[in-house]
$ cat model-v1.txt   # compact mmCIF, C-alpha atoms
# COMPACT_ATOMS: atom_id res chain seq x y z
CA MET B 219 104.74 91.77 86.56
CA SER B 220 106.29 88.35 87.06
CA ASN B 221 104.36 85.23 86.25
CA ALA B 222 104.53 84.16 89.89
CA VAL B 223 102.78 87.30 91.04
CA ALA B 224 100.37 87.35 88.14
CA ASN B 225 99.41 83.77 88.88
CA GLY B 226 98.92 84.50 92.56
CA GLN B 227 101.53 81.96 93.60
CA GLY B 228 102.30 81.94 97.29
CA THR B 229 98.93 83.29 98.33
CA PRO B 230 97.22 81.78 101.36
CA PRO B 231 94.58 79.15 100.65
CA ARG B 232 90.90 79.87 101.19
CA GLY B 233 88.99 78.57 104.17
CA ALA B 234 91.23 80.06 106.85
CA ALA B 235 90.32 79.39 110.49
CA VAL B 236 90.90 83.01 111.48
CA PRO B 237 88.72 85.60 109.74
CA PHE B 238 90.60 87.98 107.49
CA CYS B 239 90.59 91.75 107.74
CA PRO B 240 89.66 93.24 104.34
CA SER B 241 91.52 96.47 104.99
CA ALA B 242 94.80 95.23 106.38
CA GLN B 243 98.36 96.50 106.23
CA PRO B 244 100.76 94.88 103.77
CA THR B 245 103.24 94.40 106.60
CA GLN B 246 100.95 91.95 108.41
CA ASP B 247 101.80 88.26 108.28
CA GLY B 248 99.85 86.47 105.58
CA ALA B 249 98.84 89.68 103.79
CA PHE B 250 97.86 89.68 100.13
CA ALA B 251 96.29 92.19 97.76
CA PHE B 252 92.77 91.57 96.57
CA GLY B 253 91.73 94.98 95.23
CA VAL B 254 92.99 98.11 93.49
CA VAL B 255 91.53 101.58 93.96
CA GLY B 256 90.09 102.94 90.74
CA GLY B 257 87.30 105.15 89.49
CA THR B 258 87.53 108.92 89.73
CA LEU B 259 88.49 111.32 92.49
CA GLU B 260 84.80 112.05 93.02
CA GLU B 261 83.77 108.40 92.92
CA ARG B 262 86.61 106.12 93.90
CA ARG B 263 85.83 102.45 93.61
CA VAL B 264 87.84 99.35 94.29
CA GLY B 265 88.37 96.97 91.42
CA TYR B 266 88.56 93.41 92.67
CA LEU B 267 91.45 91.25 91.52
CA GLU B 268 90.81 87.90 89.91
CA GLY B 269 93.05 86.25 92.48
CA ARG B 270 94.89 86.84 95.72
CA VAL B 271 98.23 88.48 95.01
CA PRO B 272 101.00 87.94 97.57
CA VAL B 273 102.79 90.95 98.98
CA THR B 274 106.17 91.17 97.30
CA ASP B 275 108.63 93.98 96.70
CA GLU B 276 107.49 93.88 93.08
CA LEU B 277 103.86 94.43 94.05
CA LEU B 278 104.66 97.20 96.55
CA ALA B 279 106.81 98.93 93.92
CA LEU B 280 103.70 99.36 91.78
CA ALA B 281 102.49 101.93 94.34
CA GLY B 282 105.49 104.09 93.44
CA PRO B 283 105.59 107.31 95.43
CA VAL B 284 102.44 106.75 97.50
CA LYS B 285 101.59 104.35 100.30
CA PRO B 286 100.57 100.89 99.06
CA THR B 287 97.40 101.26 101.15
CA GLN B 288 96.41 104.26 99.00
CA VAL B 289 96.43 102.04 95.92
CA PHE B 290 95.67 98.49 97.03
CA ARG B 291 93.34 96.76 99.41
CA PHE B 292 95.07 94.08 101.41
CA GLY B 293 93.64 91.17 103.30
CA ALA B 294 95.36 89.56 106.27
CA PRO B 295 94.35 87.53 109.31
CA CYS B 296 92.37 89.71 111.73
CA ALA B 297 94.70 91.09 114.39
CA GLY B 298 91.98 90.82 117.03
CA GLY B 299 92.87 92.64 120.22
CA ALA B 300 95.96 94.14 118.62
CA CYS B 301 93.67 96.37 116.51
CA THR B 302 91.85 99.38 117.93
CA HIS B 303 88.71 98.47 115.98
CA PHE B 304 88.20 95.09 117.66
CA ASP B 305 85.98 95.11 120.74
CA GLY B 306 86.67 91.56 121.82
CA HIS B 307 83.84 90.10 119.76
CA ASP B 308 83.20 92.23 116.68
CA CYS B 309 85.04 94.54 114.33
CA LYS B 310 83.60 97.97 115.16
CA LEU B 311 84.87 99.26 111.83
CA ALA B 312 82.62 96.82 109.98
CA THR B 313 79.66 97.86 112.12
CA LYS B 314 80.29 101.55 111.50
CA LEU B 315 80.87 100.94 107.79
CA VAL B 316 77.29 99.69 107.57
CA GLN B 317 75.89 102.34 109.90
CA LEU B 318 77.63 105.39 108.46
CA MET B 319 78.39 104.77 104.79
CA PRO B 320 75.98 104.41 101.87
CA THR B 321 75.67 101.37 99.66
CA VAL B 322 77.53 101.82 96.38
CA SER B 323 76.89 98.48 94.74
CA LYS B 324 73.61 96.74 94.02
CA ASN B 325 75.38 93.43 93.67
CA LEU B 326 78.10 91.64 95.54
CA PRO B 327 81.56 92.52 94.25
CA ALA B 328 83.41 89.55 92.78
CA CYS B 329 85.76 89.52 95.75
CA GLN B 330 88.37 86.80 96.30
CA LEU B 331 88.58 87.56 100.02
CA ARG B 332 84.88 87.10 100.84
CA PRO B 333 85.00 83.45 101.94
CA ASP B 334 87.37 84.45 104.74
CA CYS B 335 86.31 88.07 105.28
CA ARG B 336 85.49 89.23 108.80
CA TRP B 337 83.27 92.05 107.53
CA TRP B 338 81.27 89.57 105.42
CA LYS B 339 81.00 87.07 108.26
CA GLN B 340 79.87 89.81 110.64
CA GLN B 341 77.70 92.12 108.51
CA GLY B 342 76.92 90.01 105.45
CA LYS B 343 75.89 91.56 102.17
CA ALA B 344 75.45 94.99 103.79
CA ALA B 345 79.22 95.26 104.20
CA CYS B 346 80.00 94.02 100.69
CA MET B 347 77.69 96.58 99.10
CA ARG B 348 79.66 99.35 100.81
CA CYS B 349 83.14 97.85 100.52
CA PRO B 350 84.06 99.21 97.04
CA GLN B 351 84.25 102.77 98.41
CA VAL B 352 86.68 101.85 101.19
CA MET B 353 90.22 103.09 100.76
CA THR B 354 92.49 102.01 103.57
CA ASP B 355 94.36 105.32 103.42
CA CYS B 356 93.51 108.53 101.60
CA TYR B 357 93.82 112.28 102.05
CA THR B 358 90.23 113.23 101.30
CA PRO B 359 87.93 110.60 102.79
CA SER B 360 84.18 111.08 102.70
CA GLU B 361 82.61 112.25 105.94
CA GLY B 362 81.22 108.76 106.47
CA GLN B 363 84.61 107.15 105.98
CA ARG B 364 86.28 109.69 108.24
CA LEU B 365 83.78 108.98 111.01
CA ALA B 366 83.84 105.22 110.58
CA ALA B 367 87.63 105.12 110.56
CA ASN B 368 87.94 107.10 113.78
CA PRO B 369 88.23 104.61 116.65
CA ASP B 370 86.63 107.21 118.94
CA THR B 371 83.39 107.33 116.93
CA PRO B 372 80.87 105.28 118.89
CA VAL B 373 78.95 102.38 117.37
CA LEU B 374 75.26 103.27 117.28
CA ALA B 375 73.09 101.14 119.53
CA ARG B 376 71.02 98.53 117.74
CA VAL B 377 67.27 99.10 117.84
CA MET C 96 71.51 83.28 94.07
CA TYR C 97 73.63 86.42 94.31
CA GLN C 98 74.46 88.57 91.36
CA TYR C 99 78.04 89.74 91.12
CA SER C 100 79.28 93.19 90.24
CA PRO C 101 81.60 93.29 87.20
CA ASN C 102 84.34 95.52 88.64
CA ILE C 103 87.00 92.86 88.17
CA VAL C 104 90.69 93.48 87.54
CA SER C 105 92.45 90.73 85.61
CA MET C 106 95.93 89.66 86.64
CA ASP C 107 97.23 90.86 83.29
CA GLY C 108 95.72 94.27 84.03
CA LEU C 109 97.14 94.60 87.54
CA ALA C 110 100.06 96.88 86.64
CA ASP C 111 97.84 99.23 84.60
CA ALA C 112 95.20 99.30 87.34
CA ALA C 113 97.87 100.07 89.93
CA ALA C 114 99.25 102.90 87.78
CA ALA C 115 95.75 104.40 87.57
CA GLY C 116 95.43 103.98 91.35
CA VAL C 117 98.71 105.82 91.91
CA GLU C 118 97.51 108.67 89.67
CA LEU C 119 94.30 108.84 91.68
CA ALA C 120 96.22 108.87 94.97
CA LEU C 121 98.38 111.74 93.73
CA GLN C 122 95.27 113.69 92.67
CA ASP C 123 93.80 113.01 96.11
CA GLN C 124 96.94 114.34 97.78
CA GLN C 125 96.96 117.40 95.52
CA GLN C 126 93.31 118.17 96.24
CA ALA C 127 93.97 117.95 99.96
CA SER C 128 96.90 120.35 99.66
CA PHE C 129 94.63 122.91 97.95
CA SER C 130 92.42 122.85 101.03
CA SER C 131 95.15 122.94 103.60
CA ALA C 132 98.85 123.61 103.49
CA GLU C 133 99.23 120.98 106.19
CA ALA C 134 97.25 118.27 104.45
CA SER C 135 97.62 114.90 106.03
CA ILE C 136 96.35 111.45 105.35
CA GLY C 137 92.96 110.76 106.94
CA PRO C 138 92.32 108.17 109.64
CA THR C 139 93.15 104.67 108.46
CA MET C 140 90.00 102.85 107.34
CA GLY C 141 91.44 99.53 108.32
CA MET C 142 93.71 97.70 110.70
CA TYR C 143 94.98 100.22 113.22
CA PRO C 144 97.35 98.87 115.85
CA VAL C 145 96.59 99.40 119.52
CA GLU C 146 99.22 101.66 121.00
CA PRO C 147 101.39 99.83 123.53

$ encode --input "model-v1.txt" --output "structure tokens"
Amino acid sequence: MSNAVANGQGTPPRGAAVPFCPSAQPTQDGAFAFGVVGGTLEERRVGYLEGRVPVTDELLALAGPVKPTQVFRFGAPCAGGACTHFDGHDCKLATKLVQLMPTVSKNLPACQLRPDCRWWKQQGKAACMRCPQVMTDCYTPSEGQRLAANPDTPVLARV
Amino acid sequence: MYQYSPNIVSMDGLADAAAAGVELALQDQQQASFSSAEASIGPTMGMYPVEP
């Protein structure tokens, strides 16, 4: 790992005007890694990086034979209407995350993306307490993740 | 005042954490292939482009 990557050089500053998606693709403009999937197969949990790590060939190479989105969590400016999960006002994925998935953390993860995170801005602590179980891509998602990730799953009406 | 969860990965530990993540992803893929010969990655839990 080069010093530049390890020091997070080239990462976007905090306080962005556009909210950031916390489960972005590394190919998006302005993307950076902020988490790494860890834990066990039965209980996968994201470990949060101490800093924002820019997407470089060196970083992507760390994912080796699998997709980088199976290993890392990336943040990038919300794509808005270019994403199937955006309804013109809210991120439906964030809403369904809170509605369909259990909390897995009693405390807020020490997340470097939070100040700019759309899920945080929209759902607050409820999203953060579920976030560590989110893997952008995996073969064996939980039923809750499978449902939440499916753009055709409706958002439950608020009572 | 919020309390923060300690699941932090240091920059020095990034490569090791990524290697563990790759191992986990391979186990995930292997488990899926036990269940189905045509195992495929699940729906993306993240940015999913609108089809043109």

$ closest_atom_pairs --input "model-v1.txt" --of "chain B" --to "chain C" --cutoff "7 Å" --atoms "all atoms listed in the file" --output "JSON lines"
{"residue": "B:Met219", "atom": "CA", "partner": "C:Ala110", "partner_atom": "CA", "distance": 6.9}
{"residue": "B:Ala224", "atom": "CA", "partner": "C:Met106", "partner_atom": "CA", "distance": 5.2}
{"residue": "B:Ser241", "atom": "CA", "partner": "C:Gly141", "partner_atom": "CA", "distance": 4.5}
{"residue": "B:Ala242", "atom": "CA", "partner": "C:Met142", "partner_atom": "CA", "distance": 5.1}
{"residue": "B:Gln243", "atom": "CA", "partner": "C:Met142", "partner_atom": "CA", "distance": 6.6}
{"residue": "B:Val254", "atom": "CA", "partner": "C:Ala113", "partner_atom": "CA", "distance": 6.4}
{"residue": "B:Val255", "atom": "CA", "partner": "C:Gly116", "partner_atom": "CA", "distance": 5.3}
{"residue": "B:Gly256", "atom": "CA", "partner": "C:Gly116", "partner_atom": "CA", "distance": 5.5}
{"residue": "B:Leu259", "atom": "CA", "partner": "C:Leu119", "partner_atom": "CA", "distance": 6.4}
{"residue": "B:Gly265", "atom": "CA", "partner": "C:Asn102", "partner_atom": "CA", "distance": 5.1}
{"residue": "B:Tyr266", "atom": "CA", "partner": "C:Ile103", "partner_atom": "CA", "distance": 4.8}
{"residue": "B:Leu267", "atom": "CA", "partner": "C:Val104", "partner_atom": "CA", "distance": 4.6}
{"residue": "B:Glu268", "atom": "CA", "partner": "C:Ser105", "partner_atom": "CA", "distance": 5.4}
{"residue": "B:Leu280", "atom": "CA", "partner": "C:Ala113", "partner_atom": "CA", "distance": 6.2}
{"residue": "B:Ala281", "atom": "CA", "partner": "C:Val117", "partner_atom": "CA", "distance": 5.9}
{"residue": "B:Val284", "atom": "CA", "partner": "C:Val117", "partner_atom": "CA", "distance": 6.8}
{"residue": "B:Gln288", "atom": "CA", "partner": "C:Ala120", "partner_atom": "CA", "distance": 6.1}
{"residue": "B:Val289", "atom": "CA", "partner": "C:Gly116", "partner_atom": "CA", "distance": 5.1}
{"residue": "B:Ala300", "atom": "CA", "partner": "C:Val145", "partner_atom": "CA", "distance": 5.4}
{"residue": "B:Cys301", "atom": "CA", "partner": "C:Pro144", "partner_atom": "CA", "distance": 4.5}
{"residue": "B:Thr302", "atom": "CA", "partner": "C:Val145", "partner_atom": "CA", "distance": 5.0}
{"residue": "B:Asn325", "atom": "CA", "partner": "C:Ser100", "partner_atom": "CA", "distance": 5.2}
{"residue": "B:Leu326", "atom": "CA", "partner": "C:Tyr99", "partner_atom": "CA", "distance": 4.8}
{"residue": "B:Pro327", "atom": "CA", "partner": "C:Ser100", "partner_atom": "CA", "distance": 4.7}
{"residue": "B:Ala328", "atom": "CA", "partner": "C:Tyr99", "partner_atom": "CA", "distance": 5.6}
{"residue": "B:Met353", "atom": "CA", "partner": "C:Met140", "partner_atom": "CA", "distance": 6.6}
{"residue": "B:Thr354", "atom": "CA", "partner": "C:Met140", "partner_atom": "CA", "distance": 4.6}
{"residue": "B:Asp355", "atom": "CA", "partner": "C:Thr139", "partner_atom": "CA", "distance": 5.2}
{"residue": "B:Cys356", "atom": "CA", "partner": "C:Ile136", "partner_atom": "CA", "distance": 5.5}
{"residue": "B:Tyr357", "atom": "CA", "partner": "C:Ile136", "partner_atom": "CA", "distance": 4.2}
{"residue": "B:Thr358", "atom": "CA", "partner": "C:Ala127", "partner_atom": "CA", "distance": 6.2}
{"residue": "B:Pro359", "atom": "CA", "partner": "C:Gly137", "partner_atom": "CA", "distance": 6.5}
{"residue": "B:Arg364", "atom": "CA", "partner": "C:Pro138", "partner_atom": "CA", "distance": 6.4}
{"residue": "B:Ala367", "atom": "CA", "partner": "C:Met140", "partner_atom": "CA", "distance": 4.6}
{"residue": "B:Asn368", "atom": "CA", "partner": "C:Pro138", "partner_atom": "CA", "distance": 6.1}

$ residues_around --input "model-v1.txt" --residues "Val273 in chain B" --least-positions-apart "3" --cutoff "9 Å" --atoms "all atoms listed in the file" --output "ChimeraX atom specification"
/B:223,229,244-245,248-251,276-278,292

$ residues_around --input "model-v1.txt" --residues "Gln246 in chain B" --least-positions-apart "5" --cutoff "9 Å" --atoms "only C-alpha atoms" --output "ChimeraX atom specification"
/B:293-295,297

$ atom_distance --input "model-v1.txt" --atom1 "CA of Arg291 in chain B" --atom2 "CA of Thr258 in chain B"
16.6 Å

$ atom_distance --input "model-v1.txt" --atom1 "CA of Asp334 in chain B" --atom2 "CA of Leu365 in chain B"
25.6 Å

$ atom_distance --input "model-v1.txt" --atom1 "CA of Ala312 in chain B" --atom2 "CA of Pro286 in chain B"
21.4 Å

$ decode --input "model-v1.txt" --residues "range 103-136 of chain C" --atoms "N, CA and C atoms" --output "mmCIF file, in the first residue's frame"
data_model
loop_
_atom_site.group_PDB
_atom_site.id
_atom_site.type_symbol
_atom_site.label_atom_id
_atom_site.label_comp_id
_atom_site.auth_asym_id
_atom_site.auth_seq_id
_atom_site.Cartn_x
_atom_site.Cartn_y
_atom_site.Cartn_z
ATOM 1 N N ILE C 103 -13.134 -0.211 13.678
ATOM 2 C CA ILE C 103 -12.330 0.709 12.876
ATOM 3 C C ILE C 103 -11.172 -0.051 12.234
ATOM 4 N N VAL C 104 -10.924 0.249 10.965
ATOM 5 C CA VAL C 104 -9.781 -0.335 10.261
ATOM 6 C C VAL C 104 -8.760 0.773 10.052
ATOM 7 N N SER C 105 -7.551 0.548 10.564
ATOM 8 C CA SER C 105 -6.505 1.564 10.399
ATOM 9 C C SER C 105 -5.994 1.531 8.964
ATOM 10 N N MET C 106 -5.401 2.611 8.536
ATOM 11 C CA MET C 106 -4.841 2.652 7.184
ATOM 12 C C MET C 106 -3.730 1.615 7.030
ATOM 13 N N ASP C 107 -2.969 1.412 8.060
ATOM 14 C CA ASP C 107 -1.911 0.394 8.002
ATOM 15 C C ASP C 107 -2.495 -1.010 7.863
ATOM 16 N N GLY C 108 -3.723 -1.190 8.329
ATOM 17 C CA GLY C 108 -4.344 -2.511 8.295
ATOM 18 C C GLY C 108 -5.229 -2.736 7.089
ATOM 19 N N LEU C 109 -5.256 -1.766 6.175
ATOM 20 C CA LEU C 109 -6.166 -1.852 5.027
ATOM 21 C C LEU C 109 -5.918 -3.093 4.172
ATOM 22 N N ALA C 110 -4.669 -3.360 3.836
ATOM 23 C CA ALA C 110 -4.367 -4.494 2.949
ATOM 24 C C ALA C 110 -4.771 -5.814 3.607
ATOM 25 N N ASP C 111 -4.499 -5.957 4.892
ATOM 26 C CA ASP C 111 -4.879 -7.189 5.603
ATOM 27 C C ASP C 111 -6.396 -7.318 5.682
ATOM 28 N N ALA C 112 -7.078 -6.206 5.955
ATOM 29 C CA ALA C 112 -8.540 -6.238 6.037
ATOM 30 C C ALA C 112 -9.137 -6.598 4.680
ATOM 31 N N ALA C 113 -8.550 -6.055 3.613
ATOM 32 C CA ALA C 113 -9.045 -6.364 2.273
ATOM 33 C C ALA C 113 -8.827 -7.841 1.949
ATOM 34 N N ALA C 114 -7.685 -8.383 2.351
ATOM 35 C CA ALA C 114 -7.411 -9.804 2.100
ATOM 36 C C ALA C 114 -8.440 -10.677 2.818
ATOM 37 N N ALA C 115 -8.787 -10.296 4.043
ATOM 38 C CA ALA C 115 -9.819 -11.039 4.779
ATOM 39 C C ALA C 115 -11.170 -10.884 4.089
ATOM 40 N N GLY C 116 -11.433 -9.701 3.543
ATOM 41 C CA GLY C 116 -12.687 -9.466 2.826
ATOM 42 C C GLY C 116 -12.780 -10.293 1.555
ATOM 43 N N VAL C 117 -11.650 -10.439 0.868
ATOM 44 C CA VAL C 117 -11.622 -11.273 -0.344
ATOM 45 C C VAL C 117 -11.907 -12.731 0.030
ATOM 46 N N GLU C 118 -11.283 -13.197 1.101
ATOM 47 C CA GLU C 118 -11.509 -14.575 1.559
ATOM 48 C C GLU C 118 -12.981 -14.798 1.874
ATOM 49 N N LEU C 119 -13.589 -13.832 2.510
ATOM 50 C CA LEU C 119 -15.008 -13.902 2.862
ATOM 51 C C LEU C 119 -15.883 -13.930 1.601
ATOM 52 N N ALA C 120 -15.515 -13.107 0.627
ATOM 53 C CA ALA C 120 -16.272 -13.060 -0.623
ATOM 54 C C ALA C 120 -16.174 -14.396 -1.365
ATOM 55 N N LEU C 121 -15.012 -15.012 -1.310
ATOM 56 C CA LEU C 121 -14.852 -16.315 -1.970
ATOM 57 C C LEU C 121 -15.664 -17.397 -1.256
ATOM 58 N N GLN C 122 -15.688 -17.331 0.078
ATOM 59 C CA GLN C 122 -16.525 -18.270 0.848
ATOM 60 C C GLN C 122 -18.000 -18.070 0.505
ATOM 61 N N ASP C 123 -18.389 -16.815 0.386
ATOM 62 C CA ASP C 123 -19.767 -16.463 0.041
ATOM 63 C C ASP C 123 -20.141 -17.071 -1.305
ATOM 64 N N GLN C 124 -19.241 -16.920 -2.266
ATOM 65 C CA GLN C 124 -19.466 -17.435 -3.617
ATOM 66 C C GLN C 124 -19.549 -18.963 -3.584
ATOM 67 N N GLN C 125 -18.670 -19.580 -2.796
ATOM 68 C CA GLN C 125 -18.648 -21.041 -2.696
ATOM 69 C C GLN C 125 -19.932 -21.549 -2.058
ATOM 70 N N GLN C 126 -20.387 -20.879 -1.012
ATOM 71 C CA GLN C 126 -21.629 -21.295 -0.347
ATOM 72 C C GLN C 126 -22.806 -21.209 -1.317
ATOM 73 N N ALA C 127 -22.832 -20.154 -2.104
ATOM 74 C CA ALA C 127 -23.915 -19.986 -3.065
ATOM 75 C C ALA C 127 -23.883 -21.102 -4.106
ATOM 76 N N SER C 128 -22.686 -21.531 -4.496
ATOM 77 C CA SER C 128 -22.584 -22.566 -5.523
ATOM 78 C C SER C 128 -23.001 -23.929 -4.983
ATOM 79 N N PHE C 129 -22.926 -24.116 -3.657
ATOM 80 C CA PHE C 129 -23.435 -25.358 -3.052
ATOM 81 C C PHE C 129 -24.955 -25.423 -3.188
ATOM 82 N N SER C 130 -25.585 -24.264 -3.101
ATOM 83 C CA SER C 130 -27.043 -24.203 -3.145
ATOM 84 C C SER C 130 -27.579 -24.272 -4.559
ATOM 85 N N SER C 131 -26.820 -23.746 -5.487
ATOM 86 C CA SER C 131 -27.299 -23.697 -6.855
ATOM 87 C C SER C 131 -26.106 -23.717 -7.800
ATOM 88 N N ALA C 132 -26.237 -24.553 -8.823
ATOM 89 C CA ALA C 132 -25.156 -24.626 -9.796
ATOM 90 C C ALA C 132 -25.052 -23.323 -10.585
ATOM 91 N N GLU C 133 -26.156 -22.580 -10.621
ATOM 92 C CA GLU C 133 -26.168 -21.325 -11.363
ATOM 93 C C GLU C 133 -26.183 -20.141 -10.411
ATOM 94 N N ALA C 134 -25.366 -20.219 -9.385
ATOM 95 C CA ALA C 134 -25.321 -19.151 -8.393
ATOM 96 C C ALA C 134 -24.946 -17.819 -9.050
ATOM 97 N N SER C 135 -25.624 -16.808 -8.640
ATOM 98 C CA SER C 135 -25.311 -15.486 -9.177
ATOM 99 C C SER C 135 -25.315 -14.479 -8.044
ATOM 100 N N ILE C 136 -24.679 -13.374 -8.308
ATOM 101 C CA ILE C 136 -24.602 -12.336 -7.301
ATOM 102 C C ILE C 136 -26.003 -11.769 -7.075
#
